[in-house]
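K.L.:
Shown below is the structure under consideration.
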Amino acid sequence: MSLNSLLPILCFALSLSFGFVSSQSCGNSMFFKRNGTYDVNRRLVLSTLASNVSSRNGFYNASVGEGSGRIYALGLCIPGTDPKFCSSCIQAASDRLSRNCPDQTDSWEWKAGLTTLCFVRYSNGSFFDQIDLEPSQAMYTASGRFQGNITTYTNIWDAFISSMISRVGQTRYLADVSPRTGNDSFIYALMQCIPGISSEECETCLRESVRDYQSCCNGFIGGTVRKPVCFFRWDGSDYFGAFGDTLSLPPQESQPTPGDVETISTGAIVAIVVSAVIFMVLLTLVLVVWKRRLSYKTLKPQPDDDMTCPQSLQFDYTTIEAATDKFSGYNKLGQGGFGAVYKGKLPDETEIAVKRLSRNSGQGTTEFKNEVLIVAKLQHKNLVRILGFCVEGDEQILVYEFVPNKSLDYFLFDPTKKSQLDWKRRYNIIGGITRGILYLHQDSRLTIIHRDIKASNILLDADMNPKIADFGMARNFRVDQTEDRTRRVVGTFGYMPPEYVTQGQFSTKSDVYSFGVLILEIVCGKKNSSFYQMNDDSGGNMVTHVWRLWNNESPLDLIDPTIRESYEKDEVIRCIHIGLLCVQETPADRPEMSTIFQMLTNSSIILPVPQPPGFFFRNRPNQNPLTFGSEQGQSSSKSIPCSIDSASITRVSPR
């Protein structure tokens with residue numbers, strides 16, 4: 001046959017193969033709200049499903065979230081698949097479902113590639129042990145109908161497939177080759193059920209698949225039938241590399257066929273031998289499946305935990321221990337309320353910062369997962385990038401990119417080192433922090449409330465550019481959500497706004513308040529907590545002190561003496577003005593971060609007159625902001641260190 005005559009056939013086969021190689025079913029009965037909790041959980045699960053499946057012998061399922069945001073997900077590759085090919089197949093199927101089923105709560109795909117077959121499904125209801133026979137997808141390939149005695153072919157096909165169905169139930173998977181069908185051709189058949197259903201249910205699903213074949217594709221050399229819990233393919237040649245071992249057997253004598261009465265004795269002898277071999281293979285598969293199931297892990301999220309840890313980011317404990325020289329004191333970079341931070345170096349020479357959480361820290365599992373999940377999804381030059389995490393026994397470890405110049409407070413509050421921060425650098429740091437928080441509030445896929453913006457959580461890279469760190473207390477909002485409340489008030493004394501301390505109410509304006517305090521600290525070069533013990537007219541806190549200087553028209557008295565020779569007067573006054581706008585008592589009066597960014601970058605914008613700040617104490621120089629405005633017995637607090645700031649707290653019982 002000439003090449004020209006082959007081209008139309010090849011084009012026809014190619015057009016059909018696109019539908020054959022991969023098809024998905026997007027449920028049309030229930031839909032989720034985009035960017036809602038279910039959507040967030042779906043994206044997180046699908047983003048790590050490939051690594052979870054490939055690292056767990058080709059099967060993984062998970063249940064994540066609570067209530068309407070709960071999602072059940074499953075990934076599967078046929079046995080014996082190379083982990084690399086399995087991961088690629090699962091990732092491709094996940095990407096297609098995300099793209100082609102944008103808001104359906106129940107979707108699935110059997111994806112057939114050149115090297116393997118894989119399956120991905122997610123739903124808002126548990127399906128791991130449910131037999132779902134619909135919807136069904138049946139199709140035949142471009143191989144066409146069998147050219148020969150179609151009756152003999154059909155009889156062999158029926159007998160062979162029935163034999164396979166009777167054998168597939170125990171392992172949920174079987175690939176086999178039929179006796180000769182004529183013209184030296186064979187039937188290559190593969191059956192796969194999801195592991196959660198019973199052997200009887202697996203057989204039921206495959207028998208239904210055969211009926212679908214008989215109604216659509218009877219006599220065709222190749223095709224597939226796909227259902228939510230089982231897959232069936234037959235063809236006239238090898239595929240997926242799934243028939244290597246089977247071909248070593250004499251396929252023409254693997255079982256008696258209709259019309260083989262004359263050779264039944266020989267067929268029976270061969271059948272006994274083949275049965276013995278098959279029994280040993282099945283026994284081995286059962287042992288493998290049993291061992292694999294022992295390692296299945298279903299995630300059990302804590303209350304209010306909408307996400308699961310991204311396993312693809314996980315480090316071995318031994319790797320982290322070696323990188324930090326067993327957490328030697330020489331490599332220790334600092335100590336926070338949640339644990340110590342160490343410098344480390346991976347085998348590929350990558351420098352890392354390792355945050356080893358204290359076993360008795362207030363952070364625990366919830367904040368640990370929170371930090372991993374949030375930071376792993378955030379990409380911005382003014383945010384610290386997370387490289388991974390480690391969980392082993394009581395150890396909970398976060399691995400970050402190494403930022404060489406430590407944190408802002410290391411320079412800003414040190415009498416000697418603060419000289420390295422001239423005004424130009426400080427102004428650049430203010431701008432970088434602004435861009436980072438703006439990304440968290442507005443430009444990232446989720447609206448993130450950091451809840452602990454302070455100098456020790458701003459790291460400086462080699463060029464002294466700021467990177468926001470420590471997301472252990474961050475919270476994410478829905479797109480249409482503007483505020484929330486909590487019974488557990490966490491943060492650092494002096495940086496928390498009054499509505500958060502007294503009522504547990506937080507929003508993006510909470511971060512704006514903290515940012516305002518930080519701006520004022522950068523200008524004056526002093527910790528806000530350094531004003532608490534002063535007996536002058538500072539009011540016992542920095543915002544009161546700055547407010548009084550502003551009203552006395554002497555804001556430049558606030559300037560750090562270290563920068564008096566380098567500062568730009570207009571820039572400094574504008575930063576103080578913006579800082580006071582950020583710390584206003586009423587959240588609605590505080591500007592959004594997008595507005596702050598414009599105020600900093602466009603000097604022609606006229607700034608509004610600031611109102612009195614939160615925690616402004618006119619006649620109470622030693623008043624504690626946590627009890628101000630409440631009578632004895634109305635509010636109680638428990639002080640637990642949560643940062644290197646001596647005035648940090650993690651828990652307050654609000655009024």
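Ordering of the structure tokens sets the chain letters (A, B, ...), residue numbers begin anew at 1 in every chain, and ligands are numbered from 1 in the order given.
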Could you go through range 396-612 of chain A and tell me which residues DSSP, when run on the backbone, assigns to alpha helix (DSSP H), listing them as a PyMOL selection string?
P.N.:
chain A and resi 408-412+423-438+498-503+508-524+542-551+569-582+593-601
K.L.:
Given only C-alpha atoms as the basis, pick out the residue of A:Arg70, A:Lys326, A:Arg435, A:His450 nearest to Pro466 in chain A.
P.N.:
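Among the listed residues, A:Arg435 lies closest to Pro466 in chain A.
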K.L.:
Write out as an MDAnalysis selection string all residues of range 17-252 of chain A that backbone DSSP assigns to strand (DSSP E).
P.N.:
chainID A and resid 22:26 59:64 71:77 107:112 117:123 137:140 173:177 188:193 223:226 230:235
K.L.:
Please produce an output containing C-alpha atoms for each residue in the selection, written as a tab-separated table (two decimals), in the first residue's frame.
P.N.:
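Saved the output as result-v7.tsv:
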chain	number	residue	atom	x	y	z
A	22	SER	CA	-8.26	10.91	27.29
A	23	SER	CA	-11.84	11.77	28.11
A	24	GLN	CA	-13.40	13.12	31.24
A	25	SER	CA	-16.83	13.36	32.77
A	26	CYS	CA	-17.85	16.63	34.39
A	59	PHE	CA	-2.80	4.66	44.58
A	60	TYR	CA	-3.87	7.45	46.92
A	61	ASN	CA	-7.14	8.80	48.27
A	62	ALA	CA	-7.89	11.65	50.63
A	63	SER	CA	-10.79	13.37	52.37
A	64	VAL	CA	-10.17	17.03	53.14
A	71	ILE	CA	-13.72	17.17	49.02
A	72	TYR	CA	-12.95	13.51	48.40
A	73	ALA	CA	-10.21	12.78	45.87
A	74	LEU	CA	-8.64	9.64	44.42
A	75	GLY	CA	-5.74	8.94	42.09
A	76	LEU	CA	-4.76	5.59	40.56
A	77	CYS	CA	-2.22	4.17	38.11
A	107	SER	CA	-15.70	14.95	37.98
A	108	TRP	CA	-13.50	12.07	36.84
A	109	GLU	CA	-11.15	11.02	34.07
A	110	TRP	CA	-9.53	7.80	32.85
A	111	LYS	CA	-6.44	9.00	31.00
A	112	ALA	CA	-4.67	6.60	28.65
A	117	LEU	CA	-3.34	4.29	32.32
A	118	CYS	CA	-4.37	6.49	35.23
A	119	PHE	CA	-7.57	7.65	36.91
A	120	VAL	CA	-8.45	10.85	38.80
A	121	ARG	CA	-11.73	11.60	40.50
A	122	TYR	CA	-12.98	14.11	43.05
A	123	SER	CA	-16.40	14.73	44.55
A	137	GLN	CA	-18.30	6.19	27.92
A	138	ALA	CA	-17.98	3.56	25.19
A	139	MET	CA	-15.98	4.08	22.02
A	140	TYR	CA	-14.08	2.10	19.41
A	173	TYR	CA	-6.68	-5.48	37.81
A	174	LEU	CA	-5.91	-7.89	34.98
A	175	ALA	CA	-4.19	-7.67	31.59
A	176	ASP	CA	-4.27	-10.78	29.37
A	177	VAL	CA	-4.01	-12.01	25.78
A	188	TYR	CA	-5.21	-7.75	24.19
A	189	ALA	CA	-7.61	-6.90	27.03
A	190	LEU	CA	-7.12	-4.86	30.20
A	191	MET	CA	-9.52	-4.40	33.11
A	192	GLN	CA	-9.09	-2.09	36.11
A	193	CYS	CA	-11.44	-1.31	39.02
A	223	GLY	CA	-12.15	0.16	21.97
A	224	THR	CA	-12.75	1.21	25.55
A	225	VAL	CA	-15.58	1.41	28.03
A	226	ARG	CA	-15.06	3.81	30.94
A	230	CYS	CA	-13.95	0.58	36.29
A	231	PHE	CA	-12.09	0.68	32.97
A	232	PHE	CA	-12.12	-1.88	30.14
A	233	ARG	CA	-10.01	-1.83	27.01
A	234	TRP	CA	-9.43	-4.36	24.24
A	235	ASP	CA	-7.28	-4.05	21.15
K.L.:
Of the candidates A:Thr48, A:Thr81, A:Asn41, A:Ser514, which shows the shortest atom-to-atom distance to Leu313 in chain A, using only C-alpha atoms?
P.N.:
A:Thr48
K.L.:
Write out as a list in words which residues come within 9 Å of Asn218 in chain A when counting only C-alpha atoms, dropping same-chain ones fewer than 4 positions away.
P.N.:
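So the residues in contact are Arg145, Thr154, Tyr213 and Gln214 of chain A.
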K.L.:
Please produce a file of the residues just selected, as a compact mmCIF listing (two decimals), in the first residue's frame, where the atoms kept are C-alpha atoms.
P.N.:
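As written to disk, part.txt reads:
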# COMPACT_ATOMS: atom_id res chain seq x y z
CA ARG A 145 -14.04 -4.33 12.42
CA THR A 154 -17.16 -12.88 18.55
CA TYR A 213 -19.52 -2.91 24.15
CA GLN A 214 -22.07 -5.24 22.65
K.L.:
Compile the contact shell of Glu395 in chain A as a PyMOL selection string: residues with an atom at most 8 Å away, counting only C-alpha atoms, same-chain residues fewer than 4 positions apart removed.
P.N.:
chain A and resi 356-357+359+390-391
K.L.:
Gly80 in chain A: which residues within 12 Å, counting only C-alpha atoms, same-chain residues fewer than 2 positions away excluded, as a list of chain:residue names?
P.N.:
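Residues near the query, excluding close chain neighbours: A:Ser54, A:Asn57, A:Gly58, A:Phe59, A:Leu76, A:Cys77, A:Ile78, A:Asp82, A:Pro83, A:Lys84, A:Phe85, A:Cys86, A:Thr115, A:Thr116, A:Leu117, A:Cys118, A:Tyr173, A:Leu174, A:Ala175, A:Phe240, A:Gly241, A:Ala242, A:Phe243, A:Gly244, A:Asp245, A:Leu285, A:Val288, A:Val289.
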K.L.:
Do a neighbour search on Val517 in chain A at 7 Å with only C-alpha atoms, toss out local chain neighbours closer than 2 positions, and write the hits as a ChimeraX atom specification.
P.N.:
/A:495,513-515,519-521,579,583
K.L.:
Excluding Trp423 in chain A and residues on its chain fewer than 2 positions from it, collect all residues at most 8 Å away from it, counting only C-alpha atoms, and give them as a list of chain:residue names.
P.N.:
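Neighbouring residues, sequence-local ones excluded: A:Leu421, A:Arg425, A:Arg426, A:Tyr427, A:Ile563, A:Ser566, A:Tyr567, A:Glu568.
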K.L.:
Print the selection's residues with N, CA and C atoms to a file, as a short mmCIF file (atom, residue, chain, number, x, y, z; two decimals), in the first residue's frame.
P.N.:
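And here's selection.cif as it stands now:
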data_model
loop_
_atom_site.label_atom_id
_atom_site.label_comp_id
_atom_site.auth_asym_id
_atom_site.auth_seq_id
_atom_site.Cartn_x
_atom_site.Cartn_y
_atom_site.Cartn_z
N LEU A 421 21.28 51.21 57.99
CA LEU A 421 19.98 51.52 57.39
C LEU A 421 19.83 53.03 57.27
N ARG A 425 17.50 53.39 52.30
CA ARG A 425 17.24 51.96 52.50
C ARG A 425 15.93 51.76 53.27
N ARG A 426 15.71 52.58 54.27
CA ARG A 426 14.49 52.44 55.07
C ARG A 426 13.25 52.72 54.22
N TYR A 427 13.36 53.72 53.36
CA TYR A 427 12.23 54.07 52.50
C TYR A 427 11.95 52.93 51.50
N ILE A 563 19.79 58.78 61.18
CA ILE A 563 19.54 59.15 59.78
C ILE A 563 19.32 60.65 59.60
N SER A 566 20.78 61.99 56.47
CA SER A 566 20.50 61.39 55.17
C SER A 566 19.03 61.44 54.76
N TYR A 567 18.16 61.89 55.65
CA TYR A 567 16.74 61.77 55.35
C TYR A 567 16.25 62.88 54.41
N GLU A 568 15.16 62.57 53.69
CA GLU A 568 14.45 63.54 52.88
C GLU A 568 13.24 64.01 53.68
#
K.L.:
Hey, which of A:Lys467, A:Lys345, A:Lys332, A:Arg590 ends up closest to Val403 in chain A? Count only C-alpha atoms.
P.N.:
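Using only C-alpha atoms, the shortest distance to Val403 in chain A belongs to A:Lys467.
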